[in-house]
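Next up, model-v3.txt (compact mmCIF, C-alpha atoms (C1' of nucleotides)):
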# COMPACT_ATOMS: atom_id res chain seq x y z
CA MET G 1 6.69 1.43 -11.53
CA ARG G 2 8.25 -0.81 -8.98
CA ARG G 3 6.03 -3.49 -7.55
CA ASP G 4 6.55 -5.23 -4.28
CA VAL G 5 4.39 -7.51 -2.18
CA PHE G 6 3.80 -4.78 0.41
CA GLN G 7 2.21 -2.49 -2.12
CA ALA G 8 0.35 -5.40 -3.66
CA ILE G 9 -1.45 -6.35 -0.47
CA ALA G 10 -2.21 -2.73 0.43
CA ASP G 11 -5.43 -2.90 -1.56
CA PRO G 12 -8.32 -4.75 0.14
CA THR G 13 -9.64 -6.08 -3.16
CA ARG G 14 -6.25 -7.62 -3.94
CA ARG G 15 -6.12 -9.23 -0.50
CA ALA G 16 -9.57 -10.69 -1.14
CA ILE G 17 -8.41 -12.00 -4.50
CA LEU G 18 -5.47 -13.72 -2.86
CA THR G 19 -7.74 -15.33 -0.29
CA LEU G 20 -10.13 -16.52 -2.96
CA ILE G 21 -7.57 -18.06 -5.27
CA ALA G 22 -5.76 -19.63 -2.35
CA PHE G 23 -8.85 -21.76 -2.00
CA GLN G 24 -9.40 -22.35 -5.70
CA ALA G 25 -7.90 -21.10 -8.97
CA MET G 26 -10.23 -18.67 -10.72
CA THR G 27 -10.67 -16.82 -14.01
CA PRO G 28 -10.84 -13.00 -14.19
CA ASN G 29 -14.53 -13.17 -15.10
CA ALA G 30 -15.33 -15.35 -12.13
CA LEU G 31 -13.44 -12.94 -9.89
CA ALA G 32 -15.17 -9.89 -11.36
CA GLU G 33 -18.52 -11.57 -10.81
CA HIS G 34 -17.61 -12.24 -7.21
CA PHE G 35 -16.75 -8.61 -6.52
CA GLY G 36 -19.04 -5.87 -7.67
CA SER G 37 -16.55 -4.42 -10.10
CA SER G 38 -15.69 -4.83 -13.76
CA ARG G 39 -13.49 -7.48 -15.30
CA GLN G 40 -10.91 -4.91 -16.33
CA ALA G 41 -10.60 -3.65 -12.78
CA VAL G 42 -9.93 -7.20 -11.62
CA SER G 43 -7.45 -7.78 -14.42
CA LYS G 44 -5.53 -4.71 -13.35
CA HIS G 45 -5.32 -6.04 -9.81
CA ILE G 46 -4.21 -9.40 -11.11
CA LYS G 47 -1.56 -7.76 -13.22
CA ILE G 48 -0.10 -6.11 -10.15
CA LEU G 49 -0.25 -9.37 -8.21
CA ALA G 50 1.40 -11.20 -11.10
CA GLU G 51 4.16 -8.62 -11.47
CA CYS G 52 5.36 -9.32 -7.97
CA GLU G 53 4.78 -13.04 -8.47
CA LEU G 54 2.07 -13.44 -5.88
CA VAL G 55 -0.10 -15.14 -8.51
CA ARG G 56 0.68 -17.38 -11.45
CA GLN G 57 -1.37 -17.76 -14.63
CA GLU G 58 -2.43 -20.95 -16.25
CA ALA G 59 -4.06 -20.79 -19.67
CA SER G 60 -6.77 -23.24 -20.62
CA GLY G 61 -8.07 -22.45 -24.08
CA ARG G 62 -9.21 -18.86 -24.05
CA GLU G 63 -9.63 -18.91 -20.30
CA LEU G 64 -7.01 -17.95 -17.74
CA TYR G 65 -6.82 -19.44 -14.30
CA TYR G 66 -5.05 -17.58 -11.55
CA HIS G 67 -3.25 -19.48 -8.84
CA LEU G 68 -1.74 -18.27 -5.62
CA ASN G 69 2.01 -18.49 -5.23
CA PRO G 70 2.25 -18.92 -1.47
CA ASN G 71 6.03 -18.92 -1.49
CA LYS G 72 6.06 -15.26 -2.36
CA MET G 73 4.25 -14.53 0.84
CA LYS G 74 7.39 -15.48 2.65
CA GLU G 75 8.74 -12.03 1.88
CA LEU G 76 6.05 -10.59 4.08
CA ASP G 77 6.73 -13.14 6.71
CA SER G 78 10.45 -12.43 6.65
CA TRP G 79 9.91 -8.74 7.15
CA LEU G 80 7.55 -9.45 10.00
CA GLN G 81 9.84 -11.90 11.76
CA PRO G 82 11.90 -9.49 13.92
CA PHE G 83 8.75 -7.71 15.04
CA ARG G 84 7.07 -10.98 15.82
CA GLU G 85 9.86 -11.79 18.20
CA THR G 86 9.12 -8.54 19.98
CA TRP G 87 5.38 -8.99 20.39
CA GLU G 88 5.81 -12.56 21.44
CA GLY G 89 7.39 -11.12 24.54
CA ARG G 90 10.89 -12.39 24.12
CA PHE G 91 12.16 -8.89 24.79
CA ASN G 92 9.74 -8.02 27.54
CA GLN G 93 12.46 -8.35 30.08
CA LEU G 94 14.63 -5.89 28.16
CA ASP G 95 11.70 -3.48 27.88
CA ASN G 96 11.24 -3.58 31.63
CA ILE G 97 14.89 -2.86 32.21
CA LEU G 98 14.75 0.14 29.88
CA ASP G 99 11.58 1.43 31.52
CA ASN G 100 13.19 1.16 34.93
CA LEU G 101 16.25 3.07 33.79
CA LYS G 102 14.04 5.87 32.46
CA THR G 103 11.89 6.30 35.55
CA LYS G 104 14.85 6.29 37.93
CA MET D 1 -9.60 8.36 4.86
CA ARG D 2 -9.49 4.90 6.30
CA ARG D 3 -6.12 3.74 7.48
CA ASP D 4 -5.14 0.16 7.99
CA VAL D 5 -1.85 -1.52 8.70
CA PHE D 6 -1.65 -2.94 5.19
CA GLN D 7 -1.73 0.48 3.62
CA ALA D 8 0.61 1.82 6.28
CA ILE D 9 3.39 -0.64 5.52
CA ALA D 10 2.97 -0.28 1.75
CA ASP D 11 5.40 2.65 1.76
CA PRO D 12 9.09 1.71 2.04
CA THR D 13 9.90 4.82 4.07
CA ARG D 14 7.27 3.89 6.63
CA ARG D 15 8.62 0.36 6.87
CA ALA D 16 12.07 1.82 7.47
CA ILE D 17 10.65 4.10 10.17
CA LEU D 18 9.07 1.12 11.91
CA THR D 19 12.35 -0.77 11.84
CA LEU D 20 14.24 2.22 13.21
CA ILE D 21 11.91 2.99 16.09
CA ALA D 22 11.63 -0.68 16.94
CA PHE D 23 15.27 -0.41 17.91
CA GLN D 24 15.03 2.96 19.61
CA ALA D 25 12.39 5.68 20.05
CA MET D 26 13.14 8.70 17.87
CA THR D 27 11.99 12.26 17.25
CA PRO D 28 10.71 13.43 13.85
CA ASN D 29 13.82 15.54 13.36
CA ALA D 30 16.10 12.61 14.04
CA LEU D 31 14.11 10.50 11.58
CA ALA D 32 14.17 13.20 8.92
CA GLU D 33 17.90 13.51 9.35
CA HIS D 34 18.27 9.78 8.93
CA PHE D 35 16.36 9.76 5.67
CA GLY D 36 17.11 12.30 3.03
CA SER D 37 13.72 13.95 3.23
CA SER D 38 12.15 16.80 5.13
CA ARG D 39 10.77 16.74 8.64
CA GLN D 40 7.24 17.36 7.38
CA ALA D 41 7.42 14.39 5.07
CA VAL D 42 8.41 12.22 8.01
CA SER D 43 5.69 13.70 10.19
CA LYS D 44 3.12 12.81 7.57
CA HIS D 45 4.33 9.23 7.56
CA ILE D 46 4.24 9.14 11.33
CA LYS D 47 0.72 10.50 11.30
CA ILE D 48 -0.39 7.63 9.12
CA LEU D 49 1.43 5.12 11.30
CA ALA D 50 -0.12 6.66 14.40
CA GLU D 51 -3.64 6.64 12.95
CA CYS D 52 -3.54 2.89 12.65
CA GLU D 53 -1.78 2.61 16.02
CA LEU D 54 1.46 1.16 14.74
CA VAL D 55 3.35 3.90 16.61
CA ARG D 56 2.72 5.70 19.88
CA GLN D 57 3.86 9.20 20.77
CA GLU D 58 5.55 10.27 23.96
CA ALA D 59 6.04 13.98 24.57
CA SER D 60 9.12 15.21 26.40
CA GLY D 61 9.05 18.98 26.53
CA ARG D 62 8.80 20.23 23.00
CA GLU D 63 10.19 17.01 21.62
CA LEU D 64 8.15 14.01 20.56
CA TYR D 65 9.43 10.47 20.74
CA TYR D 66 7.88 7.82 18.56
CA HIS D 67 7.67 4.26 19.79
CA LEU D 68 6.71 1.13 17.96
CA ASN D 69 3.53 -0.64 19.00
CA PRO D 70 4.46 -4.18 18.12
CA ASN D 71 1.08 -5.56 19.15
CA LYS D 72 -0.53 -3.87 16.18
CA MET D 73 1.67 -5.91 13.89
CA LYS D 74 -0.34 -8.92 14.93
CA GLU D 75 -3.02 -7.86 12.47
CA LEU D 76 -0.56 -8.48 9.68
CA ASP D 77 0.46 -11.74 11.21
CA SER D 78 -3.13 -12.88 11.58
CA TRP D 79 -3.86 -12.22 7.94
CA LEU D 80 -0.75 -14.08 6.95
CA GLN D 81 -1.42 -17.09 9.13
CA PRO D 82 -3.58 -19.19 6.75
CA PHE D 83 -1.11 -18.61 3.92
CA ARG D 84 1.79 -19.49 6.15
CA GLU D 85 0.23 -22.84 6.79
CA THR D 86 0.20 -23.39 3.05
CA TRP D 87 3.80 -22.50 2.33
CA GLU D 88 5.00 -24.43 5.32
CA GLY D 89 3.95 -27.46 3.36
CA ARG D 90 1.17 -28.72 5.58
CA PHE D 91 -1.00 -28.98 2.51
CA ASN D 92 1.65 -30.33 0.21
CA GLN D 93 0.09 -33.74 0.36
CA LEU D 94 -3.26 -32.28 -0.66
CA ASP D 95 -1.59 -30.39 -3.50
CA ASN D 96 -0.05 -33.59 -4.77
CA ILE D 97 -3.37 -35.36 -4.70
CA LEU D 98 -4.98 -32.56 -6.68
CA ASP D 99 -2.13 -32.54 -9.20
CA ASN D 100 -2.48 -36.27 -9.67
CA LEU D 101 -6.20 -35.99 -10.25
CA LYS D 102 -5.61 -33.34 -12.89
CA THR D 103 -2.97 -35.21 -14.87
CA LYS D 104 -4.92 -38.48 -14.88
C1' DT H 1 13.15 39.35 27.44
C1' DA H 2 14.74 38.12 23.04
C1' DT H 3 16.22 34.34 20.18
C1' DA H 4 16.52 29.67 18.61
C1' DT H 5 14.53 25.10 18.20
C1' DT H 6 10.81 21.73 17.59
C1' DT H 7 6.58 20.75 16.01
C1' DG H 8 1.79 21.18 13.67
C1' DC H 9 -1.21 22.93 10.13
C1' DA H 10 -2.49 24.58 5.51
C1' DA H 11 -1.75 25.13 0.63
C1' DC H 12 0.27 23.57 -3.33
C1' DT H 13 2.51 20.39 -7.01
C1' DC H 14 3.21 16.14 -9.40
C1' DA H 15 2.84 11.31 -9.91
C1' DA H 16 0.42 7.08 -8.92
C1' DT H 17 -3.96 4.48 -8.06
C1' DG H 18 -8.33 2.45 -8.94
C1' DG H 19 -11.91 2.76 -11.74
C1' DT H 20 -14.35 3.25 -16.19
C1' DT H 21 -15.38 2.60 -21.48
C1' DG H 22 -14.28 1.22 -26.19
C1' DC H 23 -12.02 -1.63 -29.41
C1' DA H 24 -9.27 -5.51 -31.26
C1' DA H 25 -7.54 -10.37 -31.00
C1' DA H 26 -8.14 -15.10 -29.94
C1' DT H 27 -10.86 -19.06 -28.91
C1' DA H 28 -15.35 -21.65 -28.48
C1' DA H 29 -20.03 -22.60 -29.90
C1' DT H 30 -23.89 -22.62 -33.35
C1' DA X 1 -18.94 -19.43 -41.63
C1' DT X 2 -21.06 -16.70 -38.33
C1' DT X 3 -21.81 -15.51 -33.70
C1' DA X 4 -20.68 -15.38 -28.86
C1' DT X 5 -17.31 -15.41 -25.14
C1' DT X 6 -12.94 -14.32 -22.93
C1' DT X 7 -9.23 -11.61 -22.59
C1' DG X 8 -5.70 -7.65 -23.38
C1' DC X 9 -4.57 -2.97 -24.52
C1' DA X 10 -5.22 2.04 -24.67
C1' DA X 11 -7.37 6.24 -23.34
C1' DC X 12 -9.50 8.72 -20.06
C1' DC X 13 -11.27 10.48 -15.30
C1' DA X 14 -11.41 11.32 -10.31
C1' DT X 15 -9.07 10.55 -6.08
C1' DT X 16 -5.26 9.62 -3.27
C1' DG X 17 -0.15 9.75 -2.27
C1' DA X 18 4.17 11.57 -1.12
C1' DG X 19 6.62 15.43 -1.26
C1' DT X 20 7.49 20.45 -0.88
C1' DT X 21 7.28 25.44 1.23
C1' DG X 22 5.53 28.92 4.36
C1' DC X 23 3.75 30.34 8.67
C1' DA X 24 2.13 30.05 13.51
C1' DA X 25 2.42 27.97 18.25
C1' DA X 26 4.93 26.06 21.96
C1' DT X 27 9.07 25.19 24.44
C1' DA X 28 13.99 25.78 25.45
C1' DT X 29 18.16 28.73 25.62
C1' DA X 30 20.95 33.21 25.62
Rewrite the structure of this file - the entire thing - as structure tokens.
Amino acid sequence: MRRDVFQAIADPTRRAILTLIAFQAMTPNALAEHFGSSRQAVSKHIKILAECELVRQEASGRELYYHLNPNKMKELDSWLQPFRETWEGRFNQLDNILDNLKTK
Amino acid sequence: MRRDVFQAIADPTRRAILTLIAFQAMTPNALAEHFGSSRQAVSKHIKILAECELVRQEASGRELYYHLNPNKMKELDSWLQPFRETWEGRFNQLDNILDNLKTK
DNA sequence: TATATTTGCAACTCAATGGTTGCAAATAAT
DNA sequence: ATTATTTGCAACCATTGAGTTGCAAATATA
């Protein structure tokens, strides 16, 4: 199964995990406690996030701490970039021209 | 079924549709022709994109033209914003401080 | 008017997703 | 050494996902 960041952030729980560990590295148990669900459910989410390198693991004894890898988020940002240029209005003038051509 | 932009862009076909119609409004048949798949498959994707307002429809006779709604992409951008601040290195100094505390 | 084109809706299949429980391995605490 | 804690793996279940085909409705064309 191919993993990519787009699929990874599709799940609201995974987005919440990313937000949490961006603030502070956490163990799977701590995360499971924070959400209502089981540890295994969280671990599955983490596995998906780790497969596409959005999180990194750091072992400390028998505990695992999950860190955010913010660099990987750049993939999202890169995909968004051309659209951002559009909504920031840089092409508004072009839109107007096209609209005028249509209505005339 | 709740639709949000994160789930909408999780599918690679839907991302491709968004990129295509950002350049030029297209009909479902034209989109289906562009991809290998059937018109109904494309229409299903469009339905999902329309439900979360990423695309708008414009009827012209029996044909439907799909337009991108770039404003809706801002939701993605907003979610990404705090992470962007991180990878842009604004917190690098803080990271270094924390690393130093750990290793000492 | 009769035919062709464009689309929507419903039913169906198959694979993937998110969740659970149970058990084993590894590490920490008593 | 024994017990408790933390995690990973496997099996299983219910729901959703993306895709298909078939048919009906609406619009254009002959």
(request) After a least-squares superposition of chain G onto chain D, with every Cα atom paired in order, give the RMSD to one decimal place. (result)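 Once chain G is fitted onto chain D, the C-alpha RMSD works out to 0.2 Å.
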(message) One number please: atom CA of D:Asn69 to atom CA of D:Val55, in Å, one decimal.
(response) 5.1 Å
(message) Within 8 Å of (2.7, -19.2, 5.6) in the file's own coordinates, which protein, DNA or RNA residues have an atom, counting all atoms listed in the file? List them as a PyMOL selection string.
(response) (chain G and resi 70-71+73-74+77) or (chain D and resi 80-88)
(request) Name the residues in contact with G:Glu63 at a cut-off of 9 Å, using only C-alpha atoms (C1' of nucleotides), excluding same-chain residues fewer than 4 positions from it; report them as a list in words. (result)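 Skipping anything fewer than 4 positions along the chain leaves Thr27, Pro28, Glu58 and Ala59 of chain G; DT27 of chain H; DT6 and DT7 of chain X.
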Please dump the current selection as a short mmCIF file (atom, residue, chain, number, x, y, z; two decimals), in the coordinates of the input; keep C-alpha atoms (C1' of nucleotides).
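To be explicit, this is the file written out as result.cif:
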data_model
loop_
_atom_site.label_atom_id
_atom_site.label_comp_id
_atom_site.auth_asym_id
_atom_site.auth_seq_id
_atom_site.Cartn_x
_atom_site.Cartn_y
_atom_site.Cartn_z
CA THR G 27 -10.67 -16.82 -14.01
CA PRO G 28 -10.84 -13.00 -14.19
CA GLU G 58 -2.43 -20.95 -16.25
CA ALA G 59 -4.06 -20.79 -19.67
"C1'" DT H 27 -10.86 -19.06 -28.91
"C1'" DT X 6 -12.94 -14.32 -22.93
"C1'" DT X 7 -9.23 -11.61 -22.59
#
(request) Check every residue of chain D for an atom within 7 Å of chain X, counting only C-alpha atoms (C1' of nucleotides), and provide those that qualify as a list in words. (result)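 Using only C-alpha atoms (C1' of nucleotides), chain D residues at most 7 Å from chain X: Ala41, Gly61 and Arg62 of chain D.
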(request) Using only C-alpha atoms (C1' of nucleotides), determine which residues lie at most 8 Å from stretch 43-46 of chain D, disregarding the query and same-chain residues fewer than 2 positions distant; provide the list as a VMD selection string. (result) chain D and resid 13 to 14 28 39 to 41 48 to 50 55
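Interatomic distance, atom CA of G:Ile21 to atom CA of G:Tyr66: 6.8 Å.
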(message) Could you check which residues have any atom within 10 Å of (2.3, -6.0, -0.9), counting all atoms listed in the file with coordinates taken straight from the file, and then list them as a count of residues only?
(response) 23
(request) Select residues of chain H: the criterion is any atom within 10 Å of an atom of chain D, counting all atoms listed in the file; output as a ChimeraX atom specification. (result) /H:5-8
Output, as AutoDock Vina command-line options, the centre and edge lengths in Å (one decimal) of the axis-aligned box that contains all listed atoms of stretch 6-20 of chain H with 4 Å of margin on each side.
--center_x -1.8 --center_y 13.8 --center_z 0.7 --size_x 33.2 --size_y 30.7 --size_z 41.8
(message) To one decimal place in Å, what is the distance between atom CA of D:Thr19 and atom CA of D:Glu51?
(response)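 We find that atom CA of D:Thr19 and atom CA of D:Glu51 lie 17.7 Å from each other.
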